[in-house]
Amino acid sequence: MVILSNVSLFSCCNISLKACLSSLPSSPSSRNAHCPLRYSQKGNEVISPLGSVVWSLGEEVSKRSLLALVSASIFFVDPALAFKGGGPYGQGVTRGQDLSGKDFSGQTLIRQDFKTSILRQANFKGAKLLGASFFDADLTGADLSEADLRGADFSLANVTKVNLTNANLEGATTTGNTSFKGSNITGADFTDVLLRDDQREYLCKIADGVNVTTGNATRDTLLCN
């Protein structure tokens, strides 16, 4: 509301001043009476102090209003636009759904929202899931082999008995009680994935192979001893 008021103020002042100046009589003496924002000195027309103040105020308000509008567009983005498939209605909703056994293989699902969804035995083989959210999701038995999971969020997710063969999890989030027990991580890339000590210890016991895409050995990405 403040932004709209500022813009309106500037527009009003700007339009009024322009109207005043454009409709001035040809006689300098008449101009002062017609438009108090101007006066004549030695036949030269100059904007009065009041006119200068209005112009300066209008320019300052315009700059501040523009800055406020830009800031608002950056910092007050609709949360619904942060992820795809967040719903709550319509086709393609993937958040909070039972998607057990669904086939997402090879699909481009960048920043897709799977928060709290049931994804048991779902097929994500070769899917592009950069920045996708699996927060508190159940991925038991899912196939994530060869999937691009860079920057994905697995916080509180159940990732047990999941096929992560040659998956790229670089920079993924695994905070909370994320569990990888029983999962196949042959060739998986865990570069820059922050893991609890018990998680890392468990994964290092079963780590093997080299990621076919990044060329990084799984054990090296897990910083195993």
# chains A, B, ... in the order shown; residues from 1 in each chain; ligands from 1
$ residues_around --residues "segment 200-211 of chain A" --least-positions-apart "2" --cutoff "8 Å" --atoms "only C-alpha atoms" --output "ChimeraX atom specification"
/A:166-168,180-181,185-189,195-198,213-219,222,224
$ atom_distance --atom1 "atom CA of Leu129 of chain A" --atom2 "atom CA of Thr221 of chain A"
19.6 Å
$ closest_residue --among "A:Ser105, A:Val93, A:Asp136, A:Val159" --to "Arg120 of chain A" --atoms "only C-alpha atoms"
A:Val159
$ atom_distance --atom1 "atom CA of Thr165 of chain A" --atom2 "atom CA of Gly96 of chain A"
26.2 Å
$ atom_distance --atom1 "atom CA of Ser183 of chain A" --atom2 "atom CA of Gln121 of chain A"
12.5 Å
$ residues_around --residues "segment 101-104 of chain A" --least-positions-apart "3" --cutoff "9 Å" --atoms "only C-alpha atoms" --output "ChimeraX atom specification"
/A:107-109,119-127,142
$ closest_residue --among "A:Glu170, A:Glu146, A:Asp153, A:Gly141" --to "Gly182 of chain A" --atoms "only C-alpha atoms"
A:Gly141
$ residues_around --residues "Leu164 of chain A" --least-positions-apart "6" --cutoff "6 Å" --atoms "only C-alpha atoms" --output "mmCIF file with C-alpha atoms, in the first residue's frame"
data_model
loop_
_atom_site.group_PDB
_atom_site.id
_atom_site.type_symbol
_atom_site.label_atom_id
_atom_site.label_comp_id
_atom_site.auth_asym_id
_atom_site.auth_seq_id
_atom_site.Cartn_x
_atom_site.Cartn_y
_atom_site.Cartn_z
ATOM 1 C CA LEU A 144 17.008 -43.712 -8.036
ATOM 2 C CA SER A 145 19.778 -45.268 -10.088
ATOM 3 C CA ASN A 184 22.624 -49.986 -2.966
ATOM 4 C CA ILE A 185 25.095 -47.104 -3.278
#
$ select_by_dssp --residues "segment 97-183 of chain A" --states "strand (DSSP E or B)" --output "list in words"
Asp98, Asp103, Thr108, Gln112, Asp113, Ile118, Asn123, Lys128, Ser133, Asp138, Asp143, Asp148, Asp153, Asn158, Asn163, Asn168, Thr173 and Ser179 of chain A
